[in-house]
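Beneath this line is the structure, given in C-alpha cells, with notes to follow.
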Amino acid sequence: MSILDRKLLRDLRQIPAQILAISLVMACGVAVLIMSVGTHRFLSHTRDSYYDHSRFGQIFANVKRAPKSVEERLRAIPGVGSVDLRMTNEVVIDVQDLEEPVIGRLISLPSSGKPSLNQVYLRSGRELNALQTGEIIASEGFVKANELEVGATIEAVINGRHQELKIVGVGLSPEYIFQIRPGDILPDEKRFGIFWMSENELEAAFNMEGAFNSVSLSLMHGASESKVIEAVDRILRPYGCTGAYGRSRQVSARFLDDEIQQLRAMAFVAPSIFFAVACFLLNVVLSRLIAMQREQIAALKAFGYFNSEVGFHYIKFVLIISVIGCTIGGLGGEFLARSMAGMYAEFYRFPDFQYDTDWAVNLAAVALTIFASMIATIRPVWKAIKLPPAEAMRPAPPAKFHYTLMDSLGIGRVLTASGRMTLRELERRPLKSLMSSLGIAGAVAVLILGNFGVDAIDYLIKFQFSLTQRYDVSVTFIEPTTAGAIHELEHYPGVLTVESFRTVPVRFHSRQITHLGAMTGLDDRRELNRVLNADERPLQLPPKGLVLGDKLAEILQIEVGDSLLVDVLERDGLQLRIPVMGTFKEYAGTNAYLRREYLHELMQEGPCSSGAYLLVDPAKVTTLYRQLKETPRVAGVAVKEATVESFNKTITENQLRMQSVNLIFACIIAFGVVYNTIRISLSERSREFATLRVVGFTRWEVAQVLLWELAILTLFAIPLGYCIGYGFCIGMVKGFESEMFRIPLIISPKTMGFAAGVTILAAFISGLSVQRQVNNLDLIGVLKSRE
C-alpha cells in the first residue's frame, strides 16, 4: 500500500460518523433511483410485451346495434390493420355469500379459434365448449377476490332472465390489466367481473344474431389515429356510436399509463433531492479536510508528488464514500424495486409479472452517483491541485474581524461569554451560517414531503366521500328511464332519499382540442351528490350553461365565459354550443354539470333519468340489495362503502407503504445533515475550544458555544424548511397529476410539527454526540497544531 493510500485510510478513520452519514444520504438517492427507474422500465416492458403478444387493440368503439356487414367498411379505412367485432353487455350477478349486487361484463368469444384482437390468456381451466351452454371464462381478479375456483357457479340476470353460469376457466385480458368499470374512479374486483362467453350463446341471449355492439381495431405503422377515429365515428354514428377512442383513452390502459408517468416523475424528483443534499455535505466535508491539510499537501508536493497524484488522492476519498453509498443504495434499491413489483402484482393482472434485476439501471445509478460526486467536489480538489507548496506551508490568512451588530447594539452585555461567541461566529461568517441553515432546512423540507401523502389522502377521502358524495348507493339504468322508475326506487325497502340524474355521453371541442366525456344534469335540490367550489361550499348551477371541473377546463383550455362546442353521441347529428358559466374543484375524474331542466331542453326530450343516488337505512340494506338484483332495468349498482374500501386498499395502502420508505429516508437525511453541520463546526474550531478549556472555561461552557449555534441554525431553518417543503409538495402534485386523479395540496399542522420534531430530535442527539467529543478534546494535541 502506498503512502498516500495509508494516509487516505487514516483520514477516513478520523471521521467515520460523517462518512457514514453522507453515504447513507447518498444511498437513499441511489435506492430511490433504482426503485423508480427500474420499476418504470419493468412495468413499461411488461405492458408493451403483453400488448404485442395479445394483440391489444388501438381503437375502440361501442354502438347500440350494428350489422356485421359494416366490418368491410371498417377494414377499408386507410391505416386500419385488423378489425374485431364482438358483443359486450353488463348484467347483474348474484355471488353466493356476497350481499351486494355484482356487475358482470359479458364479452363474446368466437365459437372457434381466437379473436383477432384482445386475445384472452387462459391462466387455469379450459377453453369454452361451443356445444355446452352456460359456460364462462372469468377474470382472475374477480375469481381471487371472491375466493372462487374453476367449476364454481354464479347466477346472472341476462336480458331479464335468470341463468346459472359455470366457470370453466380463469383468464386475463390486455383490456383489463387494471380491472375497473368505465365511469368508476377505482377498481373493485370483488363487485365487478369480466366474463367471456360463447358468441353464439350471447347472440341468442340478447337477440343479436348477425350484429355486434363493440368493435376493436388495430392500426398499420404510420397510420393517423385521429383520422381513423373520425372515419370510425362517421361509419358507426347511424348505429348509436358513443364515440370511438384510442388506446390512451381506454380505462385500464390509461390507469397504467398514469402509473408509469408517476414513476417517471418520482425517478426525477426524489433522487435529485437526495443527491443534492449528499453532494452538498460531501463538498463541505472535503473542503474542510483540504483546508486542515494545507501543510500536508505542501509537504507532499515538496517531497516530489505531482499535482495529479495529490488530486487523485482526494478523488479517491470521494470515490470511497460514493462506493459505500452505491453499495448500500444498490441493495436497498433492488429490495424496494422487488417490493414495488410485488405491490403492483396485487392490482395489475399480467400473465408474467416477475421482476428481474435491471443491471443497466443499477450501473447507470452508480455512474450517475459517482459523476455527481465528482462534480460536487471538483472545486476543492482543484484548489488542492493548484495550491503552491510555499503558500501551503503558511497557515491560511486569518479572517477579518470587526464589530458586529450585537456589539453595536450592546446585546452582548446581557449574554454569557458562550452566547456572545456564538452570535459573533454566526454574524461574522454569514455565508457559512446561511449554507448550514439551508442544509438543515432541506432536511425539514424532505420530512414534510415524506409525510405529505398522508395529509393528501386523508383530505381526499374527506372531500370525495364525505363532503361531495353523501349517498350510500348509486344506481344506473340500462336506458334513460322515466320518472316512474324513480318513484319505484323511492318505495324500495330501506330507501330514505332518492336523487336522480341524467348523463349524456358527448365529445367536447375547444379550439383544436377534442375530449371524450359526459354531461350530467342535476336537480336544484342536491344533498346526496354535491358540486363544491374551492371553499368547499355547494355550487349553484346556473339556469343556462355548463359548469366544468377544473381539470376538464384545463384540458380544454377554456375559461369562464367561453362557448364550448359539444357533439351529443347519444343522438346522431346533434351538435350544441353551450356557454361555460363556472368551474369547480375536483380531485377525481373530469366532470361537467348543468341543470337537468336545461339538459332536457338541449336534448329536446321529456323528463328522464340515467340513474339515481340513494340514501339507505343500514338495517334494511340487505333487503334492498336483494331487490336491486331482481330489477331488470338496473345496469349497475355502486356501493359507496365498497368504494371507500377499494380506495383504502388500492390507494391508501400503497401510499402508506411508500410513505414508510420516504419517512425513513427523510429521517436519514435529517440526522445526516444536522450531525455533519455541527461536526464540521467542531472540526473548524477545535483549537479555539481547546484554548477556552486551557484558560478556565468548563466543558459545559465550551460545549454551549456549539450547542447555541446549532439551536439558532435549527430554529432559523425550520420556517425556511417549511417554505422549501411547500415548494417540493407543489412539484410532487404537478408531477403526479393525471386526468383520473389529482393530489390535493394539503399540509397539516401535524406534518409540520412532525418535521420540526424530528429535526429538533436530530439536533438534540447530534448535540449530545458533539458534547461528548468536546469533553474528550485532546488539549495538548490540538494546541500543538500551528495557528
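Ordered as shown in the C-alpha cells, chains take letters A, B, and onward, while each chain numbers its residues from 1 and ligands are numbered from 1 in the order shown.
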
Using only C-alpha atoms, find each residue of stretch 234-261 of chain A with at least one atom at most 12 Å away from an atom of stretch 29-39 of chain A; report its shortest atom-to-atom pair and that distance in Å (one decimal), sort the rows by chain and rising residue number, and return the result as a tab-separated table.
residue	atom	partner	partner_atom	distance
A:Glu259	CA	A:Thr39	CA	10.5
A:Ile260	CA	A:Thr39	CA	8.7
A:Gln261	CA	A:Ser36	CA	10.7

Can you write out the residues you just picked, keeping C-alpha atoms, as an mmCIF file, in the first residue's frame?
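Saved file out-v2.cif follows:
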data_model
loop_
_atom_site.group_PDB
_atom_site.id
_atom_site.type_symbol
_atom_site.label_atom_id
_atom_site.label_comp_id
_atom_site.auth_asym_id
_atom_site.auth_seq_id
_atom_site.Cartn_x
_atom_site.Cartn_y
_atom_site.Cartn_z
ATOM 1 C CA GLU A 259 -48.809 4.974 -13.047
ATOM 2 C CA ILE A 260 -45.840 4.793 -15.397
ATOM 3 C CA GLN A 261 -45.875 8.586 -15.728
#

Contact check, stretch 245-321 of chain A to stretch 666-690 of chain A, at most 9 Å, counting only C-alpha atoms, closest pairs as CSV:
residue,atom,partner,partner_atom,distance
A:Phe274,CA,A:Ile669,CA,7.8
A:Val277,CA,A:Ile669,CA,7.8
A:Ala278,CA,A:Ile669,CA,8.5
A:Leu281,CA,A:Val673,CA,7.2
A:Val284,CA,A:Ile680,CA,8.0
A:Val285,CA,A:Ile680,CA,7.0
A:Arg288,CA,A:Ile680,CA,7.5
A:Met292,CA,A:Glu684,CA,8.2

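Our summary of the geometry notes that atom CA of A:Glu140 is positioned 23.6 Å from atom CA of A:Leu85.
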
Original post:
Quick one: residues within 10 Å of A:Met208, only C-alpha atoms counted, chain neighbours fewer than 6 positions away excluded, as a PyMOL selection string?
Top reply: chain A and resi 65-67+87+199-202

Subject >> Within 8 Å of A:Thr377 using only C-alpha atoms, minus same-chain residues under 6 positions, as a PyMOL selection string >> reply: chain A and resi 279+282-283+286+318

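Pairwise distance (atom CA of A:Ser54, atom CA of A:Ser218) equals 11.9 Å.
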
Subject >> Residue neighbourhood stretch 118-123 of chain A, 6 Å, only C-alpha atoms, exclusion window fewer than 3 positions, as a PyMOL selection string >> reply: chain A and resi 54-56+115+170-173

For the residues in that selection, give me N, CA, C and O atoms as a PDB file, in the first residue's frame.
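Wrote it out as selection-v2.pdb, contents follow:
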ATOM      1  N   SER A  54     -50.697 -10.226 -27.035  1.00  0.00           N
ATOM      2  CA  SER A  54     -52.143 -10.467 -27.019  1.00  0.00           C
ATOM      3  C   SER A  54     -52.880  -9.668 -28.078  1.00  0.00           C
ATOM      4  O   SER A  54     -54.098  -9.730 -28.155  1.00  0.00           O
ATOM      5  N   ARG A  55     -52.146  -8.907 -28.897  1.00  0.00           N
ATOM      6  CA  ARG A  55     -52.717  -8.106 -29.979  1.00  0.00           C
ATOM      7  C   ARG A  55     -53.787  -7.151 -29.437  1.00  0.00           C
ATOM      8  O   ARG A  55     -54.947  -7.189 -29.856  1.00  0.00           O
ATOM      9  N   PHE A  56     -53.377  -6.336 -28.501  1.00  0.00           N
ATOM     10  CA  PHE A  56     -54.289  -5.377 -27.886  1.00  0.00           C
ATOM     11  C   PHE A  56     -54.695  -4.324 -28.912  1.00  0.00           C
ATOM     12  O   PHE A  56     -53.849  -3.768 -29.619  1.00  0.00           O
ATOM     13  N   PRO A 115     -59.962 -14.669 -31.032  1.00  0.00           N
ATOM     14  CA  PRO A 115     -60.293 -13.366 -31.624  1.00  0.00           C
ATOM     15  C   PRO A 115     -59.046 -12.755 -32.244  1.00  0.00           C
ATOM     16  O   PRO A 115     -57.917 -13.007 -31.814  1.00  0.00           O
ATOM     17  N   VAL A 170     -60.136 -19.558 -15.972  1.00  0.00           N
ATOM     18  CA  VAL A 170     -59.773 -18.263 -15.391  1.00  0.00           C
ATOM     19  C   VAL A 170     -58.845 -17.574 -16.382  1.00  0.00           C
ATOM     20  O   VAL A 170     -57.834 -18.155 -16.807  1.00  0.00           O
ATOM     21  N   GLY A 171     -59.204 -16.361 -16.796  1.00  0.00           N
ATOM     22  CA  GLY A 171     -58.457 -15.715 -17.865  1.00  0.00           C
ATOM     23  C   GLY A 171     -58.003 -14.307 -17.543  1.00  0.00           C
ATOM     24  O   GLY A 171     -58.414 -13.691 -16.557  1.00  0.00           O
ATOM     25  N   LEU A 172     -57.143 -13.801 -18.426  1.00  0.00           N
ATOM     26  CA  LEU A 172     -56.623 -12.436 -18.359  1.00  0.00           C
ATOM     27  C   LEU A 172     -56.794 -11.800 -19.725  1.00  0.00           C
ATOM     28  O   LEU A 172     -56.767 -12.486 -20.753  1.00  0.00           O
ATOM     29  N   SER A 173     -56.929 -10.486 -19.724  1.00  0.00           N
ATOM     30  CA  SER A 173     -57.079  -9.759 -20.983  1.00  0.00           C
ATOM     31  C   SER A 173     -56.293  -8.460 -20.911  1.00  0.00           C
ATOM     32  O   SER A 173     -56.252  -7.819 -19.854  1.00  0.00           O
TER      33      SER A 173
END

**OP:** Mind listing the strand (DSSP E) residues of stretch 79-199 of chain A, per DSSP on the backbone, as a PyMOL selection string?
**Re:** chain A and resi 80-86+88-94+102-109+121-125+135-139+153-158+161-172+192-198
